[in-house]
Amino acid sequence: MQQAIPYKSWSLPLSNNHATGVTPKLTTESAVGALKDAVSENAVIVLAPRGCCMSHVVKRLLNGHGVNPMMFEFDEINESEILKQIESIMTEIDGTDKRRVQFPAVFIGGRMLGGLDQVMESHITGDLIPLLKQAGALWL
Amino acid sequence: MNSASMQFVMSRRMEIYEPMHQIGMWGEDYKSSDILNTSTIIEPVRKLGSENTSQGHSGTLDFKYDQEASKPTDKVQRRLAQNREAARKSRLRKKAYVQQLETSRLKLIQLEQELQHTRQQQGLYIGGGVEGSHIGLPASVNSGIAAFEMQYGQWLEEQNRLICELQTALSGHVTDIELQILVESGMNHYLELFRMKAAASKADVFYVLSGMWITSAERFFLWIGGFRPSELLKVLVPLIDPLTEQQIMEAFHLKQSCQQAEDALSQGMEKLQQTLSESVADGRLGEGSQHVPQTGTAMEKLGALVSFVNQADHLRQETLQQMCIILTIRQAARGLLALGEYFQRLKALSSLWATRPPCQPIS
């Protein structure tokens, strides 16, 4: 079961929740300004348009590692806004990062790992686990 | 039918013509007590037995033998009226049934025409044969797919050539540098295939997904438009020994990662199937309505299939590359050779199966 966390209550401290079976979800009624905070405050967060089947794939893959990522789902109409926000976050972290943002976009430890391509790649090469550990999403 | 106007009843058996009393409305379920019986003369009629087709009544009619020729009884009248009613209803039902058949027939003709029309538009792809040339139907073939079929034929020829080169190199004495070049060629060749498949998916994702372009035996192992990486690892790794402990462990982890990624993709596909099914079924079903809602959404979902094929191919590519990292050059060359030969054998098996004599017992 998934719960949508409304914007107002979003500022409450969100603990790293792979202990629970619930996938946290953010809705976008407001919410674009909250994106930056969401990215920096969550060890693992996935940004995807609503109903995207690929986000399901990313989620399953991360679940397999014992990680319960925060899912940030937005409506199609907000996509360009969200894109701008993501790009500004990326520039802040690393101005030289000119990669095209692909959805579902996965952020680990506040930095964008990439789309499903990158996640698959790092999963196969074994680089994903150290990244997750570094971000504090995994302890074992 | 209102048999109140019926005046005579002709009883053939008795050849008696009797005027009937006006009885009033004859319903299906009247009880004998409802009938006004102004005459109590009972007609001597023999029991008709199986000829009695009266519907509403259970049991046979009782007739008393009476030697007096008399008017037909209410029971007889009732029975005959019921027969008439039953016959009438039967005719009506038959008429309705025939009308239904006619409508269905028309609909069937219409559907067949539509089907033929769409088939012509999309064309039929005859692919999957390694043996001989790839033939596509002229004129009505999707040009992207036609291009792919031609390219795939050429790809297979080049693949066979590369396999031969590897065989020669490994059976002789070849330096590691030379092997390195061969391995890189082999890997790039697979990359080429994945690029071709990406373009073909854009042209017609169902063509790629249903494996129209490979042989039937290969199709048996199909997973999202190609081979399943973890299965391939299971087949190949035992053939590449000797492997060090480290390598065995790494190969094992790679196989596990593959399986995890495959599961994630498979589940994503299932979710897509589910949502597609829901959008197709959305709106009023079963009412014969022509309106198909949600076509836009359904079309979008189908578009997502292209991403799935791309992701699956990406996984295949990553797996092959990771194998090359784990293995030494010589081992990688042997691995590529084994892989190539494996698919050659599958294709050969397909041909063998397709051309087997009809009475051959399968041992």
# chains A, B, ... in the order shown; residues from 1 in each chain; ligands from 1
call {"tool": "interface_residues", "arguments": {"of": "chain B", "to": "chain A", "cutoff": "9 Å", "atoms": "only C-alpha atoms", "output": "list of chain:residue names"}}
result
B:His253, B:Leu254, B:Ser257, B:Cys258, B:Gln260, B:Ala261, B:Asp263, B:Ala264, B:Leu265, B:Ser266, B:Gln267, B:Gly268, B:Met269, B:Lys271, B:Leu272, B:Thr275, B:Lys301, B:Ala304, B:Ser307, B:Phe308, B:Gln311, B:His314, B:Leu315, B:Glu318, B:Thr319, B:Gln322
call {"tool": "write_last_selection", "arguments": {"atoms": "C-alpha atoms", "output": "PDB file, in the first residue's frame"}}
result
ATOM      1  CA  HIS B 253      27.308 -12.460  -8.679  1.00  0.00           C
ATOM      2  CA  LEU B 254      26.859 -11.354 -12.243  1.00  0.00           C
ATOM      3  CA  SER B 257      22.453  -9.346 -10.715  1.00  0.00           C
ATOM      4  CA  CYS B 258      21.153 -10.361 -14.118  1.00  0.00           C
ATOM      5  CA  GLN B 260      17.391  -9.363 -10.382  1.00  0.00           C
ATOM      6  CA  ALA B 261      17.395  -6.971 -13.319  1.00  0.00           C
ATOM      7  CA  ASP B 263      12.809  -9.788 -12.674  1.00  0.00           C
ATOM      8  CA  ALA B 264      12.481  -6.032 -12.363  1.00  0.00           C
ATOM      9  CA  LEU B 265      11.974  -5.665 -16.105  1.00  0.00           C
ATOM     10  CA  SER B 266       9.537  -8.581 -16.245  1.00  0.00           C
ATOM     11  CA  GLN B 267       7.474  -7.072 -13.472  1.00  0.00           C
ATOM     12  CA  GLY B 268       7.481  -3.735 -15.236  1.00  0.00           C
ATOM     13  CA  MET B 269       6.166  -5.504 -18.341  1.00  0.00           C
ATOM     14  CA  LYS B 271       2.415  -3.821 -14.919  1.00  0.00           C
ATOM     15  CA  LEU B 272       2.301  -2.423 -18.427  1.00  0.00           C
ATOM     16  CA  THR B 275      -2.611  -0.976 -17.292  1.00  0.00           C
ATOM     17  CA  LYS B 301       1.288   2.514 -23.205  1.00  0.00           C
ATOM     18  CA  ALA B 304       6.422   2.305 -23.537  1.00  0.00           C
ATOM     19  CA  SER B 307      11.650   1.408 -23.877  1.00  0.00           C
ATOM     20  CA  PHE B 308      11.354  -2.096 -22.526  1.00  0.00           C
ATOM     21  CA  GLN B 311      16.307  -1.667 -21.659  1.00  0.00           C
ATOM     22  CA  HIS B 314      20.941  -2.671 -22.738  1.00  0.00           C
ATOM     23  CA  LEU B 315      20.986  -5.340 -20.051  1.00  0.00           C
ATOM     24  CA  GLU B 318      26.049  -4.748 -20.067  1.00  0.00           C
ATOM     25  CA  THR B 319      26.148  -8.425 -19.182  1.00  0.00           C
ATOM     26  CA  GLN B 322      30.890  -7.390 -17.660  1.00  0.00           C
TER      27      GLN B 322
END
call {"tool": "residues_around", "arguments": {"residues": "B:Asn188", "least_positions_apart": "3", "cutoff": "12 Å", "atoms": "only C-alpha atoms", "output": "PyMOL selection string"}}
result
chain B and resi 155+158-159+162+181-185+191-195+317+320-321+336
call {"tool": "atom_distance", "arguments": {"atom1": "atom CA of A:Val39", "atom2": "atom CA of A:Gly110"}}
result
5.3 Å
call {"tool": "select_by_dssp", "arguments": {"residues": "stretch 77-199 of chain B", "states": "strand (DSSP E or B)", "output": "ChimeraX atom specification"}}
result
/B:125-126,135-136
call {"tool": "write_last_selection", "arguments": {"atoms": "C-alpha atoms", "output": "PDB file, in the first residue's frame"}}
result
ATOM      1  CA  TYR B 125       6.665 -10.304 -42.323  1.00  0.00           C
ATOM      2  CA  ILE B 126       8.299 -13.498 -43.345  1.00  0.00           C
ATOM      3  CA  ILE B 135      11.817 -12.418 -48.056  1.00  0.00           C
ATOM      4  CA  GLY B 136       9.483  -9.624 -47.230  1.00  0.00           C
TER       5      GLY B 136
END
call {"tool": "atom_distance", "arguments": {"atom1": "atom CA of A:Leu113", "atom2": "atom CA of A:Asp37"}}
result
17.1 Å
call {"tool": "closest_atom_pairs", "arguments": {"of": "stretch 190-257 of chain B", "to": "stretch 142-154 of chain B", "cutoff": "9 Å", "atoms": "only C-alpha atoms", "output": "JSON lines"}}
result
{"residue": "B:Leu193", "atom": "CA", "partner": "B:Tyr152", "partner_atom": "CA", "distance": 7.8}
{"residue": "B:Met196", "atom": "CA", "partner": "B:Phe148", "partner_atom": "CA", "distance": 6.6}
{"residue": "B:Lys197", "atom": "CA", "partner": "B:Phe148", "partner_atom": "CA", "distance": 7.7}
{"residue": "B:Ala199", "atom": "CA", "partner": "B:Gly144", "partner_atom": "CA", "distance": 7.4}
{"residue": "B:Ala200", "atom": "CA", "partner": "B:Ile145", "partner_atom": "CA", "distance": 5.8}
{"residue": "B:Ser201", "atom": "CA", "partner": "B:Ile145", "partner_atom": "CA", "distance": 8.7}
{"residue": "B:Lys202", "atom": "CA", "partner": "B:Gly144", "partner_atom": "CA", "distance": 8.2}
{"residue": "B:Ala203", "atom": "CA", "partner": "B:Gly144", "partner_atom": "CA", "distance": 5.2}
{"residue": "B:Asp204", "atom": "CA", "partner": "B:Ile145", "partner_atom": "CA", "distance": 7.1}
{"residue": "B:Tyr207", "atom": "CA", "partner": "B:Ile145", "partner_atom": "CA", "distance": 8.0}
{"residue": "B:Trp213", "atom": "CA", "partner": "B:Glu149", "partner_atom": "CA", "distance": 7.1}
call {"tool": "closest_residue", "arguments": {"among": "A:Ser80, A:Gln85, A:Gln102, A:Gln118", "to": "A:Lys36", "atoms": "only C-alpha atoms"}}
result
A:Gln85
call {"tool": "residues_around", "arguments": {"residues": "stretch 104-107 of chain A", "least_positions_apart": "6", "cutoff": "6 Å", "atoms": "only C-alpha atoms", "output": "PyMOL selection string"}}
result
chain A and resi 44-48+55+113-115
call {"tool": "write_last_selection", "arguments": {"atoms": "C-alpha atoms", "output": "PDB file, in the first residue's frame"}}
result
ATOM      1  CA  VAL A  44      17.400   7.536  -2.497  1.00  0.00           C
ATOM      2  CA  ILE A  45      14.686   9.288  -4.481  1.00  0.00           C
ATOM      3  CA  VAL A  46      13.119   8.467  -7.827  1.00  0.00           C
ATOM      4  CA  LEU A  47      11.435  11.174  -9.890  1.00  0.00           C
ATOM      5  CA  ALA A  48       9.014   9.961 -12.538  1.00  0.00           C
ATOM      6  CA  SER A  55       9.613   3.740 -12.416  1.00  0.00           C
ATOM      7  CA  LEU A 113      22.840   8.880 -10.772  1.00  0.00           C
ATOM      8  CA  GLY A 114      20.843   9.025 -13.997  1.00  0.00           C
ATOM      9  CA  GLY A 115      17.984   7.199 -15.646  1.00  0.00           C
TER      10      GLY A 115
END
call {"tool": "decode", "arguments": {"residues": "stretch 111-137 of chain A", "atoms": "N, CA, C and O atoms", "output": "compact mmCIF listing (two decimals), in the first residue's frame"}}
result
# COMPACT_ATOMS: atom_id res chain seq x y z
N ARG A 111 22.80 13.31 -5.29
CA ARG A 111 23.36 13.49 -6.63
C ARG A 111 22.59 12.60 -7.61
O ARG A 111 22.16 11.51 -7.27
N MET A 112 22.46 13.14 -8.83
CA MET A 112 21.72 12.34 -9.81
C MET A 112 22.59 11.22 -10.37
O MET A 112 23.64 11.47 -10.96
N LEU A 113 22.14 10.01 -10.18
CA LEU A 113 22.84 8.88 -10.77
C LEU A 113 22.52 8.82 -12.27
O LEU A 113 23.39 8.57 -13.09
N GLY A 114 21.24 9.05 -12.60
CA GLY A 114 20.84 9.03 -14.00
C GLY A 114 19.48 8.39 -14.17
O GLY A 114 18.67 8.39 -13.24
N GLY A 115 19.25 7.86 -15.36
CA GLY A 115 17.98 7.20 -15.65
C GLY A 115 18.12 5.71 -15.44
O GLY A 115 19.09 5.23 -14.85
N LEU A 116 17.16 4.96 -15.98
CA LEU A 116 17.18 3.52 -15.81
C LEU A 116 18.45 2.89 -16.39
O LEU A 116 19.01 1.96 -15.83
N ASP A 117 18.91 3.45 -17.50
CA ASP A 117 20.16 2.98 -18.12
C ASP A 117 21.30 2.93 -17.12
O ASP A 117 21.98 1.92 -16.96
N GLN A 118 21.51 4.08 -16.47
CA GLN A 118 22.63 4.18 -15.53
C GLN A 118 22.43 3.25 -14.34
O GLN A 118 23.39 2.67 -13.84
N VAL A 119 21.18 3.16 -13.89
CA VAL A 119 20.92 2.29 -12.74
C VAL A 119 21.24 0.84 -13.10
O VAL A 119 21.91 0.13 -12.34
N MET A 120 20.79 0.42 -14.28
CA MET A 120 21.07 -0.95 -14.74
C MET A 120 22.57 -1.18 -14.82
O MET A 120 23.08 -2.21 -14.38
N GLU A 121 23.25 -0.22 -15.40
CA GLU A 121 24.68 -0.36 -15.61
C GLU A 121 25.40 -0.53 -14.28
O GLU A 121 26.17 -1.46 -14.08
N SER A 122 25.11 0.39 -13.36
CA SER A 122 25.81 0.31 -12.07
C SER A 122 25.38 -0.93 -11.29
O SER A 122 26.14 -1.48 -10.51
N HIS A 123 24.16 -1.39 -11.56
CA HIS A 123 23.69 -2.61 -10.91
C HIS A 123 24.51 -3.81 -11.39
O HIS A 123 24.97 -4.62 -10.60
N ILE A 124 24.71 -3.90 -12.69
CA ILE A 124 25.44 -5.04 -13.26
C ILE A 124 26.92 -4.97 -12.91
O ILE A 124 27.53 -5.99 -12.58
N THR A 125 27.49 -3.78 -12.98
CA THR A 125 28.92 -3.68 -12.70
C THR A 125 29.21 -3.78 -11.21
O THR A 125 30.36 -3.92 -10.80
N GLY A 126 28.18 -3.69 -10.40
CA GLY A 126 28.39 -3.82 -8.97
C GLY A 126 28.67 -2.49 -8.28
O GLY A 126 28.95 -2.45 -7.09
N ASP A 127 28.59 -1.40 -9.04
CA ASP A 127 28.87 -0.09 -8.45
C ASP A 127 27.73 0.46 -7.63
O ASP A 127 27.90 1.42 -6.87
N LEU A 128 26.55 -0.12 -7.80
CA LEU A 128 25.36 0.44 -7.17
C LEU A 128 25.42 0.31 -5.65
O LEU A 128 25.09 1.24 -4.91
N ILE A 129 25.85 -0.86 -5.20
CA ILE A 129 25.83 -1.11 -3.75
C ILE A 129 26.72 -0.15 -2.97
O ILE A 129 26.26 0.43 -1.98
N PRO A 130 27.97 0.07 -3.39
CA PRO A 130 28.79 1.05 -2.66
C PRO A 130 28.14 2.44 -2.64
O PRO A 130 28.19 3.13 -1.62
N LEU A 131 27.51 2.81 -3.75
CA LEU A 131 26.84 4.11 -3.81
C LEU A 131 25.73 4.20 -2.76
O LEU A 131 25.57 5.22 -2.08
N LEU A 132 24.98 3.13 -2.68
CA LEU A 132 23.85 3.10 -1.73
C LEU A 132 24.37 3.16 -0.30
O LEU A 132 23.80 3.83 0.56
N LYS A 133 25.47 2.43 -0.07
CA LYS A 133 26.03 2.41 1.28
C LYS A 133 26.53 3.80 1.64
O LYS A 133 26.31 4.28 2.76
N GLN A 134 27.18 4.41 0.67
CA GLN A 134 27.74 5.74 0.91
C GLN A 134 26.66 6.75 1.27
O GLN A 134 26.85 7.61 2.11
N ALA A 135 25.52 6.60 0.63
CA ALA A 135 24.42 7.53 0.88
C ALA A 135 23.66 7.19 2.14
O ALA A 135 22.75 7.90 2.55
N GLY A 136 24.03 6.07 2.74
CA GLY A 136 23.37 5.70 3.99
C GLY A 136 22.07 4.97 3.78
O GLY A 136 21.28 4.80 4.72
N ALA A 137 21.84 4.50 2.55
CA ALA A 137 20.61 3.76 2.31
C ALA A 137 20.74 2.29 2.67
O ALA A 137 19.76 1.59 2.83
